[in-house]
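Peer 1: There's a structure below that I have some questions on.
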2 protein chains.
Amino acid sequence: MPYYIGDVIKDSRKLIARTPEKFEETGIRVRLNTRVEGIEAERGEVLLAKGERLAYDVLVMGTGAEATLPDMPGTRQDGVFTLKNLRDGINIKEYIKESGCRRAVIVGAGFIAMEMSEALTTIGLETSIVYRGELPVKKWDPVFSGMVLEELTRNGVSFISHNSPIAIEKHSTGLCLVTGAGTVQADIIIFALGVRPNIRLAREAGLAIGESGAIKVDPSQHTSREEIFSVGDCCESYHRVSKQWTHIPLGDMANKQGRVAGRTIAGYPMIFPGVVGAQSFKVFGLEVAMTGIDEKEAQKSGYTPESTIIWGSPVARSMNEGQKLGLKLIADRGSGMLLGAQAAGHSGAVSRINILSACLWSGMGLDEIGYMDLAYSPPFSGAWDMIHTAAQILGKKL
Amino acid sequence: MPYYIGDVIKDSRKLIARTPEKFEETGIRVRLNTRVEGIEAERGEVLLAKGERLAYDVLVMGTGAEATLPDMPGTRQDGVFTLKNLRDGINIKEYIKESGCRRAVIVGAGFIAMEMSEALTTIGLETSIVYRGELPVKKWDPVFSGMVLEELTRNGVSFISHNSPIAIEKHSTGLCLVTGAGTVQADIIIFALGVRPNIRLAREAGLAIGESGAIKVDPSQHTSREEIFSVGDCCESYHRVSKQWTHIPLGDMANKQGRVAGRTIAGYPMIFPGVVGAQSFKVFGLEVAMTGIDEKEAQKSGYTPESTIIWGSPVARSMNEGQKLGLKLIADRGSGMLLGAQAAGHSGAVSRINILSACLWSGMGLDEIGYMDLAYSPPFSGAWDMIHTAAQILGKKL
């Protein structure tokens with residue numbers, strides 16, 4: 001009989017409460033709030049608290065990832081949070097409500113920080129982002145990060161750059177984030193510094209860990225032991241463009257890997273075909289998206305990258321009411337293949353990046369992308385879409 | 001010295017006026033309002049009025065297509081229009097303004113008819129569509145055509161089905177469209193019955209005409225004579241899915257073919273890689289799009305089509321405010337390859353169809369599409385996008 005161990009986090013509390021029951025109906029025993037202390041892989045047993053053991057034939061490790069909290073004084077007190085799962089979200093909401101927060105500080109400037117800054121501003125909090133670097137969302141080209149910064153500022157979010165937190169102090173007036181450059185007052189502080197895969201159990205069980213620091217898996221989600229599978233934020237994914245195994249912890253991949261492992265275990269073997277690194281976020285009125293790899297990753301993967309950025313209209317120019325879209329393409333000088341793309345604008349960024357993700361998926365070159373057939377209609381693009389134009393311009397630079 | 005003969009239709013009158021001048025600057029002679037009477041291909045000469053002849057080494061035929069006007073009494077009078085080019089658009093606008101039209105009738109129910117019904121309703125005209133069939137935009141599945149009909153009705157457009165026009169009469173109260181089933185009063189009548197390629201000159205010059213009725217070309221846009229090229233709405237395009245040469249007259253293809261012919265003539269030979277039939281339109285608040293081929297075309301092309309329609313949310317369900325998106329996929333039972341897709345909804349239809357166009361372009365199968373990496377973020381899709389879900393459901397049916 002299969003077991004399901006760990007947190008079941010779903011859309012709402014109602015679902016959380018119902019999930020065990022749903023599983024039980026299908027003959028699956030669910031044990032929530034049950035901590036796994038270790039895995040004895042040779043014996044095929046999972047160790048629970050108080051010496052209890054569960055035998056398994058097949059084990060799936062979905063241990064996820066953990067939000068990074070810096071090692072500094074004051075992070076373990078009321079009003080200081082990380083945000084990784086639904087429970088964190090509920091805790092933050094309740095704390096804001098109960099303690100009447102007015103000022104929020106977010107440490108970090110990745111896309112969780114961007115989404116949080118919008119959410120907190122929208123419910124009326126005076127919100128600041130504290131970041132050690134110059135610009136937010138540094139995975140994107142600085143021109144796009146600059147657009148994000150403008151959007152934050154336009155919406156009243158303070159962006160405090162070049163500041164690394166050293167400690168959090170509790171004063172009578174609230175919390176105080178001490179940085180190398182000064183202090184920032186707050187009623188709530190949220191750390192959004194990314195995540196680390198939870199691999200302790202896997203490592204202790206002797207499973208191979210990849211260079212990315214996440215659990216090594218094969219395309220059917222087997223770990224280095226055939227009877228142990230791993231899926232989601234704790235394991236690696238094969239990147240179809242860089243040809244490397246990477247750790248890109250995103251919800252859609254976790255879903256797909258879960259399905260692949262499930263089918264394989266159930267006797268309908270399947271391959272997880274990998275990722276191209278497609279991702280997107282919204283911050284206030286701005287769409288920001290990317291796919292594939294950037295110049296630095298391209299170089300590491302043995303390509304000779306060349307890139308271009310163009311600015312244009314997400315719809316036909318005659319129908320444009322001031323919307324501007326930026327699109328960057330990165331391609332390999334040797335082969336003419338597309339390697340990656342980034343986009344930002346008030347509309348049309350995600351749709352372009354998704355088209356280009358499909359192009360990356362099948363390994364298309366700029367020649368083809370420049371003349372590919374898209375569903376032209378003035379409310380949705382020009383007769384030459386920005387994708388065509390960018391591919392042609394970059395093609396000439398190769 | 002190259003010549004440019006014919007109408008130069010651009011975005012605005014100003015551009016029309018300027019274009020000859022712009023061409024002259026680059027050493028190209030432009031002769032507008034110059035009718036070509038014939039082509040003497042063996043002599044390499046174009047015949048103009050009054051016996052004038054122009055010699056050529058290379059000739060490009062961009063004779064376009066002509067809006068269909070039925071052969072019936074009363075179509076050649078004031079207030080009766082077709083809509084194919086900018087001049088037609090200007091004429092219609094001026095007529096409405098000058099004669100104080102209140103009631104418009106559109107004959108036909110393709111996507112030009114849909115766009116016109118929105119435009120006319122928006123400027124305050126009481127608008128009716130008269131159509132011989134049951135539902136508008138019959139190239140789409142009836143469920144999507146039904147959504148279009150609802151959108152028309154919701155916005156006050158009358159859809160008069162099962163009516164074929166027989167004549168137009170002029171009464172003291174305005175125009176009267178007589179149909180097999182009755183009469184419809186109007187101040188302006190617009191025929192939107194599709195277009196026919198203008199091939200008279202080509203045929204008389206002995207050029208090969210394809211089965212589709214348009215000028216036969218090769219992938220570099222040569223006609224059956226190497227020195228004569230043809231591009232745009234008058235010639236055929238290679239359909240990458242049906243593997244047939246077809247006549248799909250759309251502005252984006254015309255643009256691309258023009259570029260291919262131009263480069264080839266200039267000594268930088270290029271191939272027009274064909275089309276997948278991607279197209280879209282907007283009618284009021286509805287996005288409607290398709291790509292590839294439908295079941296009937298698939299059967300004709302030797303495939304064994306299977307299809308599915310799913311209904312879902314264009315964004316994550318938790319963020320959806322009542323938007324519904326319908327997505328139909330058509331695939332080949334034998335190979336599992338995607339053959340076509342259709343979508344309609346208040347948002348998200350065109351973006352899905354464009355992703356699927358890129359999939360069709362490179363010949364992807366449902367297995368891959370069902371697990372393809374897209375830029376997931378709740379404001380833009382679910383973790384499983386509707387594309388994934390539809391591909392998986394259809395995959396199980398094969």
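Note on naming: chains are A, B, ... as they come in the structure tokens, residues start from 1 per chain, ligands start from 1 in the order shown.
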Residues at most 8 Å from Val58 (chain B), counting only C-alpha atoms, excluding those fewer than 5 positions away in the same chain, as a ChimeraX atom specification?
Peer 2: /B:227-229,265
Peer 1: For the residues in the current selection, export N, CA and C atoms as a JSON list (two decimals), in the first residue's frame.
Peer 2:
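That gives us selection34.json:
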[["chain", "number", "residue", "atom", "x", "y", "z"],
["B", 227, "GLU", "N", 12.01, 34.18, -64.93],
["B", 227, "GLU", "CA", 12.21, 35.63, -64.81],
["B", 227, "GLU", "C", 10.98, 36.36, -64.29],
["B", 228, "ILE", "N", 9.90, 35.61, -64.09],
["B", 228, "ILE", "CA", 8.69, 36.25, -63.55],
["B", 228, "ILE", "C", 8.40, 35.69, -62.16],
["B", 229, "PHE", "N", 8.33, 36.60, -61.20],
["B", 229, "PHE", "CA", 8.04, 36.22, -59.82],
["B", 229, "PHE", "C", 6.60, 36.61, -59.49],
["B", 265, "ILE", "N", 15.85, 38.06, -56.19],
["B", 265, "ILE", "CA", 16.14, 38.88, -57.39],
["B", 265, "ILE", "C", 17.46, 39.64, -57.21]]
Peer 1: Chain A residues within 9 Å of chain B, counting only C-alpha atoms: which ones, as an MDAnalysis selection string?
Peer 2: chainID A and resid 11 250:253 255:256 272:282 289:291 318 348 350:359 361:364 368:369 371:380 382:385
Peer 1: How would chain B read as a short mmCIF file (atom, residue, chain, number, x, y, z; two decimals) with C-alpha atoms, in the first residue's frame after a least-squares superposition onto chain A over every Cα atom, matched in order?
Peer 2:
data_model
loop_
_atom_site.label_atom_id
_atom_site.label_comp_id
_atom_site.auth_asym_id
_atom_site.auth_seq_id
_atom_site.Cartn_x
_atom_site.Cartn_y
_atom_site.Cartn_z
CA MET B 1 -0.06 -0.06 0.13
CA PRO B 2 1.45 3.28 -0.91
CA TYR B 3 1.96 6.03 1.64
CA TYR B 4 1.92 9.78 1.27
CA ILE B 5 4.08 11.48 3.84
CA GLY B 6 4.57 15.17 4.48
CA ASP B 7 2.72 18.37 3.95
CA VAL B 8 -0.11 18.44 1.49
CA ILE B 9 -0.37 22.03 0.40
CA LYS B 10 -3.25 22.91 -1.84
CA ASP B 11 -5.19 25.93 -2.97
CA SER B 12 -7.11 26.51 0.23
CA ARG B 13 -7.48 25.26 3.78
CA LYS B 14 -10.56 23.37 2.85
CA LEU B 15 -8.59 21.38 0.34
CA ILE B 16 -5.82 20.75 2.84
CA ALA B 17 -8.37 19.35 5.24
CA ARG B 18 -10.00 17.23 2.56
CA THR B 19 -6.96 15.83 0.85
CA PRO B 20 -6.19 12.96 3.30
CA GLU B 21 -9.77 11.82 3.05
CA LYS B 22 -9.64 11.90 -0.77
CA PHE B 23 -6.48 9.83 -0.75
CA GLU B 24 -7.92 7.33 1.73
CA GLU B 25 -10.87 6.81 -0.58
CA THR B 26 -8.47 5.53 -3.24
CA GLY B 27 -6.74 3.23 -0.77
CA ILE B 28 -3.75 5.46 -0.10
CA ARG B 29 -2.83 6.01 3.54
CA VAL B 30 -1.94 9.60 4.26
CA ARG B 31 0.08 10.60 7.31
CA LEU B 32 0.34 14.34 7.72
CA ASN B 33 2.52 16.04 10.31
CA THR B 34 4.77 13.01 10.21
CA ARG B 35 8.44 13.79 10.12
CA VAL B 36 10.77 11.42 8.30
CA GLU B 37 13.98 11.09 10.31
CA GLY B 38 15.89 9.03 7.80
CA ILE B 39 15.80 6.56 4.95
CA GLU B 40 17.45 3.17 5.19
CA ALA B 41 17.76 2.54 1.51
CA GLU B 42 19.43 -0.86 1.77
CA ARG B 43 16.56 -2.15 3.91
CA GLY B 44 13.86 -0.26 2.03
CA GLU B 45 12.59 1.47 5.14
CA VAL B 46 11.67 4.99 6.11
CA LEU B 47 12.40 5.97 9.72
CA LEU B 48 9.80 7.99 11.55
CA ALA B 49 9.90 9.47 15.03
CA LYS B 50 9.96 7.13 18.08
CA GLY B 51 11.64 4.38 16.12
CA GLU B 52 8.66 3.66 13.87
CA ARG B 53 9.60 2.23 10.50
CA LEU B 54 7.70 2.06 7.22
CA ALA B 55 8.77 -0.47 4.63
CA TYR B 56 8.58 0.47 0.97
CA ASP B 57 9.11 -1.10 -2.41
CA VAL B 58 9.10 2.23 -4.18
CA LEU B 59 9.77 5.59 -2.56
CA VAL B 60 9.08 9.03 -4.02
CA MET B 61 10.96 11.95 -2.52
CA GLY B 62 9.22 15.26 -2.99
CA THR B 63 11.04 17.05 -0.19
CA GLY B 64 10.87 20.35 -2.04
CA ALA B 65 13.01 23.36 -1.37
CA GLU B 66 13.39 25.65 1.56
CA ALA B 67 13.41 29.44 1.52
CA THR B 68 16.85 30.85 2.30
CA LEU B 69 17.14 32.73 5.56
CA PRO B 70 20.47 34.45 6.16
CA ASP B 71 22.50 33.50 9.21
CA MET B 72 22.31 36.74 11.19
CA PRO B 73 20.86 37.93 14.49
CA GLY B 74 17.17 38.58 14.85
CA THR B 75 15.67 36.54 12.00
CA ARG B 76 13.78 34.16 14.32
CA GLN B 77 11.27 36.57 15.80
CA ASP B 78 7.70 37.65 15.25
CA GLY B 79 7.22 39.72 12.14
CA VAL B 80 10.06 38.09 10.19
CA PHE B 81 8.98 35.69 7.44
CA THR B 82 10.03 33.75 4.41
CA LEU B 83 7.55 32.83 1.69
CA LYS B 84 7.63 29.36 0.18
CA ASN B 85 4.28 27.67 0.64
CA LEU B 86 0.63 28.32 1.36
CA ARG B 87 1.17 28.11 5.12
CA ASP B 88 3.72 30.96 4.89
CA GLY B 89 1.24 33.01 2.88
CA ILE B 90 -1.51 32.49 5.44
CA ASN B 91 0.86 33.33 8.30
CA ILE B 92 1.94 36.57 6.63
CA LYS B 93 -1.65 37.62 5.93
CA GLU B 94 -2.73 36.89 9.50
CA TYR B 95 0.23 38.72 10.98
CA ILE B 96 -0.42 41.84 8.90
CA LYS B 97 -4.07 41.83 9.91
CA GLU B 98 -3.54 41.11 13.59
CA SER B 99 -0.63 43.42 14.27
CA GLY B 100 -1.81 46.31 12.09
CA CYS B 101 1.34 46.51 9.95
CA ARG B 102 1.93 49.69 8.01
CA ARG B 103 5.48 49.30 6.77
CA ALA B 104 6.84 46.24 4.96
CA VAL B 105 10.40 45.46 4.00
CA ILE B 106 11.25 42.76 1.48
CA VAL B 107 14.83 41.55 1.41
CA GLY B 108 15.82 40.30 -2.06
CA ALA B 109 14.76 41.30 -5.55
CA GLY B 110 13.88 38.15 -7.45
CA PHE B 111 10.43 37.53 -8.84
CA ILE B 112 8.90 36.40 -5.53
CA ALA B 113 10.03 39.76 -4.11
CA MET B 114 8.40 41.53 -7.07
CA GLU B 115 5.09 39.70 -6.66
CA MET B 116 5.14 40.33 -2.89
CA SER B 117 5.83 44.04 -3.37
CA GLU B 118 2.73 44.32 -5.55
CA ALA B 119 0.59 42.29 -3.13
CA LEU B 120 1.68 44.28 -0.06
CA THR B 121 1.33 47.66 -1.80
CA THR B 122 -2.11 46.66 -3.03
CA ILE B 123 -3.35 45.99 0.52
CA GLY B 124 -2.05 49.40 1.57
CA LEU B 125 1.37 48.76 3.08
CA GLU B 126 4.24 51.16 2.57
CA THR B 127 6.67 48.75 0.94
CA SER B 128 10.44 48.82 0.53
CA ILE B 129 12.73 46.36 -1.18
CA VAL B 130 16.24 46.04 0.20
CA TYR B 131 18.74 44.52 -2.19
CA ARG B 132 22.49 44.09 -2.25
CA GLY B 133 22.77 44.74 -6.02
CA GLU B 134 21.95 47.64 -8.27
CA LEU B 135 18.77 46.51 -10.05
CA PRO B 136 15.92 44.05 -9.39
CA VAL B 137 15.49 40.66 -11.16
CA LYS B 138 19.13 40.36 -12.13
CA LYS B 139 18.52 37.29 -14.28
CA TRP B 140 17.09 39.67 -16.87
CA ASP B 141 19.09 42.08 -18.99
CA PRO B 142 19.71 45.41 -17.19
CA VAL B 143 17.41 47.26 -19.60
CA PHE B 144 14.50 45.05 -18.52
CA SER B 145 15.52 45.19 -14.84
CA GLY B 146 15.51 48.97 -15.25
CA MET B 147 11.91 48.81 -16.54
CA VAL B 148 10.97 46.74 -13.48
CA LEU B 149 12.61 49.32 -11.21
CA GLU B 150 10.64 52.10 -12.92
CA GLU B 151 7.42 50.13 -12.47
CA LEU B 152 8.17 49.64 -8.76
CA THR B 153 8.91 53.33 -8.28
CA ARG B 154 5.85 54.44 -10.24
CA ASN B 155 3.73 52.34 -7.91
CA GLY B 156 5.26 53.70 -4.73
CA VAL B 157 7.63 50.86 -3.82
CA SER B 158 11.00 52.06 -2.48
CA PHE B 159 13.94 50.21 -3.94
CA ILE B 160 16.93 50.41 -1.60
CA SER B 161 19.89 49.13 -3.62
CA HIS B 162 23.43 48.26 -2.52
CA ASN B 163 22.26 47.26 0.96
CA SER B 164 22.94 43.88 2.57
CA PRO B 165 21.17 43.06 5.82
CA ILE B 166 23.36 42.41 8.87
CA ALA B 167 20.79 42.03 11.66
CA ILE B 168 17.21 42.61 12.65
CA GLU B 169 16.56 44.50 15.85
CA LYS B 170 13.36 44.88 17.77
CA HIS B 171 12.63 48.41 18.93
CA SER B 172 9.58 49.79 20.70
CA THR B 173 8.55 51.33 17.36
CA GLY B 174 8.76 48.04 15.46
CA LEU B 175 11.43 46.08 13.67
CA CYS B 176 14.62 47.57 12.34
CA LEU B 177 16.60 45.99 9.51
CA VAL B 178 20.23 46.90 9.96
CA THR B 179 22.21 46.86 6.72
CA GLY B 180 25.82 47.60 5.91
CA ALA B 181 24.74 51.08 4.86
CA GLY B 182 22.16 52.07 7.48
CA THR B 183 18.85 50.98 8.94
CA VAL B 184 15.31 50.51 7.60
CA GLN B 185 12.25 50.57 9.87
CA ALA B 186 9.48 48.04 9.32
CA ASP B 187 6.52 46.31 10.92
CA ILE B 188 7.06 43.18 8.87
CA ILE B 189 10.17 41.85 7.13
CA ILE B 190 9.99 39.20 4.43
CA PHE B 191 13.08 37.43 3.17
CA ALA B 192 12.80 36.53 -0.52
CA LEU B 193 16.34 35.33 -1.17
CA GLY B 194 15.54 32.27 -3.20
CA VAL B 195 15.34 28.61 -2.23
CA ARG B 196 17.68 25.70 -1.58
CA PRO B 197 16.65 22.12 -2.40
CA ASN B 198 15.95 19.96 0.66
CA ILE B 199 18.43 17.17 0.12
CA ARG B 200 19.47 16.15 3.64
CA LEU B 201 17.45 12.92 3.66
CA ALA B 202 18.60 12.06 0.15
CA ARG B 203 22.24 12.67 0.93
CA GLU B 204 22.12 10.72 4.17
CA ALA B 205 20.50 7.85 2.28
CA GLY B 206 23.48 7.85 -0.06
CA LEU B 207 21.63 9.13 -3.13
CA ALA B 208 23.69 11.01 -5.71
CA ILE B 209 23.48 14.79 -5.59
CA GLY B 210 24.01 16.72 -8.83
CA GLU B 211 26.43 19.58 -9.41
CA SER B 212 23.56 22.01 -9.07
CA GLY B 213 23.14 20.89 -5.45
CA ALA B 214 19.80 19.17 -6.08
CA ILE B 215 19.04 15.44 -6.17
CA LYS B 216 20.32 13.74 -9.31
CA VAL B 217 17.59 12.02 -11.34
CA ASP B 218 17.30 10.36 -14.72
CA PRO B 219 14.65 11.34 -17.29
CA SER B 220 12.09 9.02 -15.61
CA GLN B 221 12.78 10.71 -12.25
CA HIS B 222 14.70 7.73 -10.78
CA THR B 223 17.39 8.82 -8.36
CA SER B 224 20.70 6.94 -8.29
CA ARG B 225 18.68 4.06 -6.78
CA GLU B 226 16.12 2.58 -9.11
CA GLU B 227 13.42 2.18 -6.42
CA ILE B 228 13.69 5.76 -5.19
CA PHE B 229 12.21 8.53 -7.31
CA SER B 230 12.49 12.26 -6.79
CA VAL B 231 10.36 15.05 -8.22
CA GLY B 232 9.87 18.77 -7.85
CA ASP B 233 11.93 21.50 -6.22
CA CYS B 234 14.34 19.04 -4.55
CA CYS B 235 15.66 17.48 -7.77
CA GLU B 236 17.36 18.49 -10.99
CA SER B 237 15.84 18.97 -14.46
CA TYR B 238 17.49 18.50 -17.82
CA HIS B 239 17.83 21.80 -19.66
CA ARG B 240 17.31 21.23 -23.37
CA VAL B 241 19.25 24.34 -24.39
CA SER B 242 22.26 24.29 -22.06
CA LYS B 243 22.29 20.47 -22.24
CA GLN B 244 23.06 20.53 -18.51
CA TRP B 245 21.18 19.18 -15.51
CA THR B 246 20.04 22.24 -13.61
CA HIS B 247 18.03 23.24 -10.58
CA ILE B 248 15.16 25.50 -11.70
CA PRO B 249 12.51 25.03 -9.00
CA LEU B 250 9.18 26.03 -10.56
CA GLY B 251 5.68 24.77 -9.92
CA ASP B 252 4.87 23.70 -13.47
CA MET B 253 7.92 21.46 -13.72
CA ALA B 254 7.16 19.92 -10.34
CA ASN B 255 3.69 19.04 -11.62
CA LYS B 256 5.06 17.45 -14.76
CA GLN B 257 7.77 15.49 -12.97
CA GLY B 258 5.22 14.16 -10.51
CA ARG B 259 3.13 12.86 -13.37
CA VAL B 260 6.16 11.24 -15.04
CA ALA B 261 7.21 9.47 -11.82
CA GLY B 262 3.65 8.38 -11.10
CA ARG B 263 3.16 6.87 -14.53
CA THR B 264 6.54 5.19 -14.48
CA ILE B 265 5.86 3.62 -11.08
CA ALA B 266 2.42 2.51 -12.22
CA GLY B 267 3.93 0.61 -15.14
CA TYR B 268 3.38 3.18 -17.90
CA PRO B 269 6.95 4.41 -18.17
CA MET B 270 7.40 7.94 -19.32
CA ILE B 271 10.22 10.40 -19.90
CA PHE B 272 10.26 13.94 -18.58
CA PRO B 273 11.54 15.67 -21.70
CA GLY B 274 13.24 18.49 -19.82
CA VAL B 275 12.88 22.23 -19.62
CA VAL B 276 13.89 25.27 -21.61
CA GLY B 277 13.81 27.61 -18.61
CA ALA B 278 10.57 29.43 -19.49
CA GLN B 279 9.40 31.69 -16.68
CA SER B 280 7.38 34.83 -16.17
CA PHE B 281 6.02 37.17 -13.57
CA LYS B 282 3.77 40.19 -13.32
CA VAL B 283 4.61 43.22 -11.23
CA PHE B 284 1.88 45.85 -11.19
CA GLY B 285 1.18 46.59 -14.87
CA LEU B 286 4.34 45.00 -16.23
CA GLU B 287 4.73 41.55 -17.82
CA VAL B 288 8.24 40.14 -17.59
CA ALA B 289 9.31 36.81 -19.04
CA MET B 290 12.29 34.81 -20.23
CA THR B 291 13.13 31.49 -21.75
CA GLY B 292 16.31 29.59 -22.59
CA ILE B 293 19.68 30.81 -21.44
CA ASP B 294 21.52 34.12 -21.37
CA GLU B 295 24.94 34.99 -22.77
CA LYS B 296 26.83 33.90 -19.67
CA GLU B 297 25.12 30.52 -19.46
CA ALA B 298 25.54 30.12 -23.21
CA GLN B 299 29.29 30.62 -22.95
CA LYS B 300 29.49 28.09 -20.11
CA SER B 301 27.59 25.61 -22.26
CA GLY B 302 30.06 25.96 -25.13
CA TYR B 303 28.04 28.25 -27.39
CA THR B 304 29.22 31.55 -28.89
CA PRO B 305 26.34 33.83 -28.04
CA GLU B 306 25.28 36.97 -29.85
CA SER B 307 22.24 39.01 -28.87
CA THR B 308 20.02 41.89 -29.81
CA ILE B 309 17.33 43.92 -28.07
CA ILE B 310 14.54 45.55 -30.04
CA TRP B 311 11.73 47.82 -28.94
CA GLY B 312 8.41 47.77 -30.66
CA SER B 313 4.70 47.47 -30.39
CA PRO B 314 2.87 44.40 -29.05
CA VAL B 315 -0.01 45.20 -31.45
CA ALA B 316 -0.14 46.82 -34.91
CA ARG B 317 1.27 50.32 -34.73
CA SER B 318 -2.00 51.86 -35.93
CA MET B 319 -3.77 50.35 -32.89
CA ASN B 320 -1.11 51.07 -30.30
CA GLU B 321 -2.00 53.38 -27.45
CA GLY B 322 1.49 53.94 -26.13
CA GLN B 323 2.39 50.34 -25.22
CA LYS B 324 6.04 49.48 -25.62
CA LEU B 325 7.49 46.00 -25.63
CA GLY B 326 11.17 45.11 -25.37
CA LEU B 327 12.39 41.80 -26.77
CA LYS B 328 15.88 40.38 -26.47
CA LEU B 329 17.03 37.35 -28.42
CA ILE B 330 20.21 35.39 -27.81
CA ALA B 331 21.51 33.03 -30.49
CA ASP B 332 24.55 30.91 -31.22
CA ARG B 333 26.94 32.42 -33.74
CA GLY B 334 28.09 29.04 -34.96
CA SER B 335 24.79 27.33 -35.65
CA GLY B 336 22.33 30.22 -35.90
CA MET B 337 20.17 28.47 -33.30
CA LEU B 338 18.07 30.44 -30.87
CA LEU B 339 19.44 30.07 -27.32
CA GLY B 340 17.21 32.33 -25.28
CA ALA B 341 14.83 35.26 -25.14
CA GLN B 342 13.72 37.86 -22.65
CA ALA B 343 10.84 40.33 -22.83
CA ALA B 344 9.22 43.05 -20.77
CA GLY B 345 6.31 45.35 -21.44
CA HIS B 346 2.83 46.27 -20.38
CA SER B 347 1.40 43.53 -22.60
CA GLY B 348 2.54 40.90 -25.04
CA ALA B 349 5.74 39.82 -23.26
CA VAL B 350 4.58 36.41 -22.01
CA SER B 351 2.90 35.47 -25.27
CA ARG B 352 6.12 36.17 -27.24
CA ILE B 353 8.25 34.24 -24.75
CA ASN B 354 5.91 31.25 -24.95
CA ILE B 355 6.11 31.19 -28.75
CA LEU B 356 9.90 31.37 -28.48
CA SER B 357 9.83 28.59 -25.84
CA ALA B 358 8.15 26.35 -28.40
CA CYS B 359 10.87 27.36 -30.90
CA LEU B 360 13.62 26.55 -28.38
CA TRP B 361 11.91 23.29 -27.52
CA SER B 362 12.33 22.03 -31.05
CA GLY B 363 15.69 23.71 -31.65
CA MET B 364 14.70 26.24 -34.29
CA GLY B 365 17.20 28.60 -35.89
CA LEU B 366 16.83 32.34 -36.43
CA ASP B 367 16.29 31.85 -40.17
CA GLU B 368 13.11 29.89 -39.53
CA ILE B 369 11.91 32.05 -36.66
CA GLY B 370 12.24 35.16 -38.80
CA TYR B 371 9.71 33.80 -41.29
CA MET B 372 7.54 31.60 -39.07
CA ASP B 373 3.76 31.80 -39.57
CA LEU B 374 1.96 33.52 -36.69
CA ALA B 375 -1.70 34.49 -36.42
CA TYR B 376 -1.47 38.09 -37.61
CA SER B 377 -4.29 40.48 -36.82
CA PRO B 378 -3.75 44.16 -35.95
CA PRO B 379 -5.18 43.95 -32.39
CA PHE B 380 -2.59 41.27 -31.57
CA SER B 381 0.55 42.09 -33.59
CA GLY B 382 2.02 43.75 -36.65
CA ALA B 383 2.19 41.87 -39.97
CA TRP B 384 5.82 41.34 -39.03
CA ASP B 385 5.66 40.43 -35.39
CA MET B 386 8.47 41.65 -33.13
CA ILE B 387 9.65 38.03 -33.05
CA HIS B 388 10.22 38.10 -36.82
CA THR B 389 11.99 41.44 -36.71
CA ALA B 390 14.24 40.50 -33.81
CA ALA B 391 15.17 37.16 -35.39
CA GLN B 392 16.06 38.86 -38.68
CA ILE B 393 18.11 41.59 -37.01
CA LEU B 394 20.00 39.10 -34.87
CA GLY B 395 20.47 36.81 -37.88
CA LYS B 396 22.33 39.61 -39.68
CA LYS B 397 24.67 40.07 -36.70
CA LEU B 398 25.81 36.44 -36.65
#
Peer 1: Could you go through region 187-288 of chain B and tell me which residues DSSP, when run on the backbone, assigns to strand (DSSP E or B), listing them as a PyMOL selection string?
Peer 2: chain B and resi 188-191+195-197+209+215+222+228-230+235+237-239+245-246+275+279-283+286-288
